[in-house]
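Down below is the structure, laid out as structure tokens.
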Amino acid sequence: MTSDTGAALPSDLLLFERGWLSSNGIMFREGERACLVDTGYSSHAQQTLELVNAALGDQFTLTQVLNTHLHSDHCGGNALLVEHHPHATIHVPELYAPAVSNWDAHALSHQPTGQVCPSFKLDGVLQAGQVFQFGHRSWQIIHAPGHDDWAVMLFCADDGILISGDALWGNGFGVVFPAIYSDSGFERVGQTLDVIDALKPSLVIPGHGKAFTHVGAAMDKARSRLSYFLGSPTAHATHAAKVLIKFKLLEWQEIELPVFQGWCEANVYLNQLHQKHFHPQTYSTWLDALIEGMVDAKVCRIAGEQLINQN
Ligand SMILES: [Zn+2]
């Protein structure tokens with residue numbers, strides 16, 4: 001959590017900037033009610049609850065929790081929040097509804113990523129093309145496939161504010177998950193960037209990083225990153241694998257190498273990336289080289305039998 005959260009927001013909006021393991025949280029406050037968009041990773045759920053409680057004070061009641069998408073770093077605090085705020089209802093993108101109702105950890109990505117997310121119940125859906133009204137603000141719900149094909153963004157046209165989730169960051173966008181398990185995805189990242197272009201937001205509140213107004217520069221950066229990945233899907237595969245490993249290291253901070261190797265063995269997405277892009281190199285040779293690169297980049301280090309997170 002940092003105090004400088006970037007570009008100034010209207011006084012009814014509050015940004016909890018959380019880093020990479022936990023997504024940002026965005027709170028709407030008006031009258032006596034408050035709503036939170038995205039709730040961070042499960043190991044930070046207590047911190048999320050404390051941030052929310054501090055922002056609610058005596059004046060506001062948390063009435064809604066929304067998720068831009070259900071990657072574990074965006075909805076890991078849902079369960080604890082509604083346990084402590086029984087008036088709050090949970091609303092997820094419509095395409096996620098069946099997977100949440102049956103709690104399908106595979107379809108939700110939590111199982112194939114080897115990540116953790118406590119289950120929660122669904123109260124409503126965010127349907128693309130509809131409007132989510134909160135106080136005086138109307139938020140258009142916009143389908144944002146690419147990083148996650150079921151994701152949505154929220155756009156307040158009156159003030160040009162876009163809550164972009166992982167579809168657009170100040171310095172790019174999130175890993176293109178459909179490219180891990182299928183042969184598509186990049187083109188939908190481009191289509192979603194086109195949609196953002198057409199909205200012409202003046203302020204973007206991303207899923208990770210600071211709020212920003214340099215939207216043109218961020219779009220240029222995202223487009224050039226996309227064209228790099230289009231030209232080299234293998235570079236994206238390497239990037240995706242490193243992100244999956246780094247994310248887990250952020251959760252663990254420190255892990256015994258045999259436990260880490262066991263996690264890698266069982267990891268569905270890492271196995272798929274290896275099969276698709278790096279076969280016939282063996283899985284362990286590929287992983288060893290990845291870790292070596294991450295150690296060289298000082299993203300992690302090895303001490304004795306421990307793999308330790310850095311930075
Ligand atoms: Zn995501």
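Identifiers in the structure tokens: chain A, B, ... in order shown; residue index from 1 per chain; ligand index from 1 in order shown.
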Residues flagged helix (DSSP H, G or I) by DSSP in stretch 90-307 of chain A, as a ChimeraX atom specification: /A:94-101,178-181,186-199,215-231,233-252,257-266,268-278,283-296
Test item: residues no farther than 8 Å from ligand 1, counting only C-alpha atoms and all ligand atoms, as a PyMOL selection string: chain A and resi 69-74+147-148+165-166+174-175+207
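Among the candidate residues A:Ala167, A:Cys75, A:Leu49, A:Ala55, the one lying nearest to A:Ser109 is A:Cys75, with distances computed using only C-alpha atoms.
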Would you mind listing, for every residue of stretch 194-255 of chain A within 10 Å of stretch 20-37 of chain A, the two atoms forming the shortest contact and the distance between them in Å to one decimal, using only C-alpha atoms, sorted by chain and ascending residue number, as a tab-separated table?
```
residue	atom	partner	partner_atom	distance
A:Ile205	CA	A:Ile26	CA	8.1
A:Pro206	CA	A:Asn24	CA	7.5
A:Gly207	CA	A:Asn24	CA	5.2
A:His208	CA	A:Ser23	CA	5.4
A:Gly209	CA	A:Asn24	CA	7.4
A:Lys210	CA	A:Asn24	CA	8.8
A:Ala211	CA	A:Asn24	CA	9.9
A:Lys246	CA	A:Leu21	CA	9.2
A:Phe247	CA	A:Leu21	CA	6.2
A:Lys248	CA	A:Leu21	CA	8.4
A:Leu249	CA	A:Leu21	CA	9.4
A:Leu250	CA	A:Leu21	CA	6.3
A:Glu251	CA	A:Leu21	CA	7.0
```
Taking N, CA, C and O atoms for each residue, export the selection above as a short mmCIF file (atom, residue, chain, number, x, y, z; two decimals), in the first residue's frame.
```cif
data_model
loop_
_atom_site.label_atom_id
_atom_site.label_comp_id
_atom_site.auth_asym_id
_atom_site.auth_seq_id
_atom_site.Cartn_x
_atom_site.Cartn_y
_atom_site.Cartn_z
N ILE A 205 -7.82 4.12 -13.93
CA ILE A 205 -7.45 3.48 -12.66
C ILE A 205 -7.22 2.01 -12.98
O ILE A 205 -8.18 1.25 -13.22
N PRO A 206 -5.95 1.59 -13.04
CA PRO A 206 -5.65 0.22 -13.48
C PRO A 206 -5.75 -0.78 -12.34
O PRO A 206 -5.85 -0.40 -11.17
N GLY A 207 -5.67 -2.05 -12.69
CA GLY A 207 -5.71 -3.11 -11.69
C GLY A 207 -4.44 -3.20 -10.87
O GLY A 207 -4.43 -3.76 -9.76
N HIS A 208 -3.35 -2.70 -11.42
CA HIS A 208 -2.07 -2.65 -10.70
C HIS A 208 -1.38 -1.35 -11.07
O HIS A 208 -1.44 -0.93 -12.24
N GLY A 209 -0.70 -0.73 -10.13
CA GLY A 209 0.02 0.51 -10.40
C GLY A 209 -0.85 1.73 -10.13
O GLY A 209 -2.00 1.62 -9.72
N LYS A 210 -0.26 2.90 -10.41
CA LYS A 210 -0.92 4.15 -10.05
C LYS A 210 -2.00 4.55 -11.06
O LYS A 210 -1.93 4.16 -12.23
N ALA A 211 -2.95 5.36 -10.60
CA ALA A 211 -3.91 5.97 -11.52
C ALA A 211 -3.14 6.92 -12.43
O ALA A 211 -2.16 7.55 -12.00
N LYS A 246 7.09 -15.77 -10.26
CA LYS A 246 7.32 -14.60 -9.39
C LYS A 246 6.11 -14.36 -8.49
O LYS A 246 6.26 -14.05 -7.30
N PHE A 247 4.92 -14.50 -9.05
CA PHE A 247 3.69 -14.29 -8.28
C PHE A 247 3.67 -15.24 -7.08
O PHE A 247 3.40 -14.83 -5.94
N LYS A 248 3.99 -16.51 -7.33
CA LYS A 248 3.97 -17.49 -6.24
C LYS A 248 5.06 -17.18 -5.21
O LYS A 248 4.87 -17.36 -4.01
N LEU A 249 6.20 -16.68 -5.70
CA LEU A 249 7.27 -16.30 -4.77
C LEU A 249 6.87 -15.11 -3.91
O LEU A 249 7.26 -15.01 -2.74
N LEU A 250 6.10 -14.19 -4.50
CA LEU A 250 5.59 -13.06 -3.71
C LEU A 250 4.70 -13.59 -2.58
O LEU A 250 4.69 -13.04 -1.48
N GLU A 251 3.94 -14.64 -2.88
CA GLU A 251 3.09 -15.24 -1.84
C GLU A 251 3.95 -15.95 -0.79
O GLU A 251 3.79 -15.73 0.40
#
```
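Among the candidate residues A:Asp149, A:Glu94, A:Asp38, A:Glu292, the one lying nearest to A:Ser184 is A:Asp149, with distances computed using only C-alpha atoms.
Comparing A:Thr68, A:Asn171, A:Asn311, A:Thr89 by their smallest distance to A:Gln253, the closest is A:Asn311 (using only C-alpha atoms).
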Close residues, A:Ala128 itself excluded, 7 Å, only C-alpha atoms, min 5 positions apart in chain, as an NGL selection string: :A and (141-143)
Would you output that residue set with all heavy atoms, as a compact mmCIF listing (two decimals), in the first residue's frame?
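The file below, out36.txt, is the result:
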```
# COMPACT_ATOMS: atom_id res chain seq x y z
N ILE A 141 -20.60 -1.01 -18.09
CA ILE A 141 -19.85 -2.27 -17.96
C ILE A 141 -19.43 -2.70 -19.36
O ILE A 141 -20.27 -2.84 -20.26
CB ILE A 141 -20.72 -3.34 -17.28
CG1 ILE A 141 -21.08 -2.85 -15.87
CG2 ILE A 141 -19.99 -4.68 -17.22
CD1 ILE A 141 -22.25 -3.55 -15.28
N ILE A 142 -18.14 -2.87 -19.52
CA ILE A 142 -17.58 -3.11 -20.87
C ILE A 142 -16.78 -4.40 -20.88
O ILE A 142 -15.87 -4.58 -20.06
CB ILE A 142 -16.70 -1.91 -21.27
CG1 ILE A 142 -17.60 -0.67 -21.39
CG2 ILE A 142 -15.95 -2.17 -22.56
CD1 ILE A 142 -16.86 0.62 -21.38
N HIS A 143 -17.14 -5.29 -21.78
CA HIS A 143 -16.41 -6.55 -21.92
C HIS A 143 -14.97 -6.25 -22.36
O HIS A 143 -14.75 -5.43 -23.25
CB HIS A 143 -17.12 -7.43 -22.96
CG HIS A 143 -16.55 -8.80 -23.07
ND1 HIS A 143 -16.58 -9.52 -24.24
CD2 HIS A 143 -15.95 -9.60 -22.15
CE1 HIS A 143 -16.01 -10.70 -24.03
NE2 HIS A 143 -15.62 -10.77 -22.79
```
Contact residues around stretch 99-104 of chain A with only C-alpha atoms at 10 Å, ignoring same-chain residues under 5 positions, as a PyMOL selection string: chain A and resi 70+92+109-111+118-123
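Omitting A:Asp183 and its sequence neighbours fewer than 3 positions away, and counting only C-alpha atoms, the residues within 12 Å are Val176, Phe177, Pro178, Ala179, Ile180, Phe186, Glu187, Arg188, Leu230, Pro233, Ala237, Gln272, Leu273, Lys276 and His277 of chain A.
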C-alpha atoms of the current selection, written as a compact mmCIF listing (two decimals), in the first residue's frame:
```
# COMPACT_ATOMS: atom_id res chain seq x y z
CA VAL A 176 -2.43 -12.87 -21.98
CA PHE A 177 -3.85 -15.95 -20.24
CA PRO A 178 -5.79 -17.35 -23.23
CA ALA A 179 -2.46 -17.55 -25.11
CA ILE A 180 -1.26 -20.01 -22.45
CA PHE A 186 -3.41 -11.48 -28.58
CA GLU A 187 -5.94 -10.29 -31.15
CA ARG A 188 -8.52 -9.78 -28.40
CA LEU A 230 2.49 -11.05 -31.73
CA PRO A 233 4.70 -15.72 -28.91
CA ALA A 237 5.44 -17.64 -23.06
CA GLN A 272 1.25 -26.16 -21.07
CA LEU A 273 3.71 -23.35 -21.78
CA LYS A 276 3.66 -25.67 -26.57
CA HIS A 277 6.78 -23.56 -26.86
```
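With only C-alpha atoms taken into account, the protein and nucleic acid residues at most 9 Å from A:Leu244 (excluding it and anything under 3 positions from it in its own chain) are Thr113, Gly114, His239, Ala240, Ala241, Phe247, Lys248, Leu249, Tyr269 and Leu270 of chain A.
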Contact residues around A:Ile196 with only C-alpha atoms at 12 Å, ignoring same-chain residues under 3 positions, as number ranges by chain: A: 142-145, 152-155, 157, 160-164, 167-169, 189-193, 199-204, 215-216, 218-219, 222-223
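Taking atom CA of A:Ile255 as the reference point, atom CA of A:Arg18 is found at 22.6 Å.
The space separating atom CA of A:Lys242 from atom CA of A:Ala289 comes to 10.9 Å.
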Which of stretch 67-297 of chain A fall in strand (DSSP E), as number ranges by chain: A: 89-93, 124-126, 131-134, 137-143, 152-156, 161-165, 203-206, 254-256
Interatomic distance, atom CA of A:Asp4 to atom CA of A:Ser224 (Å, one decimal): 27.5 Å
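Closest approach to A:Pro258 among A:Pro93, A:Gly172, A:Gly304, A:Gly76: A:Gly304, based on only C-alpha atoms.
Of the listed residues (A:Arg137, A:His87, A:Glu256, A:Cys156), A:Glu256 comes nearest to A:Asn309; the distances count only C-alpha atoms.
The shortest atom-to-atom distance to A:Val82, with only C-alpha atoms taken into account, belongs to A:Leu62 out of A:Leu257, A:Leu51, A:Val195, A:Leu62.
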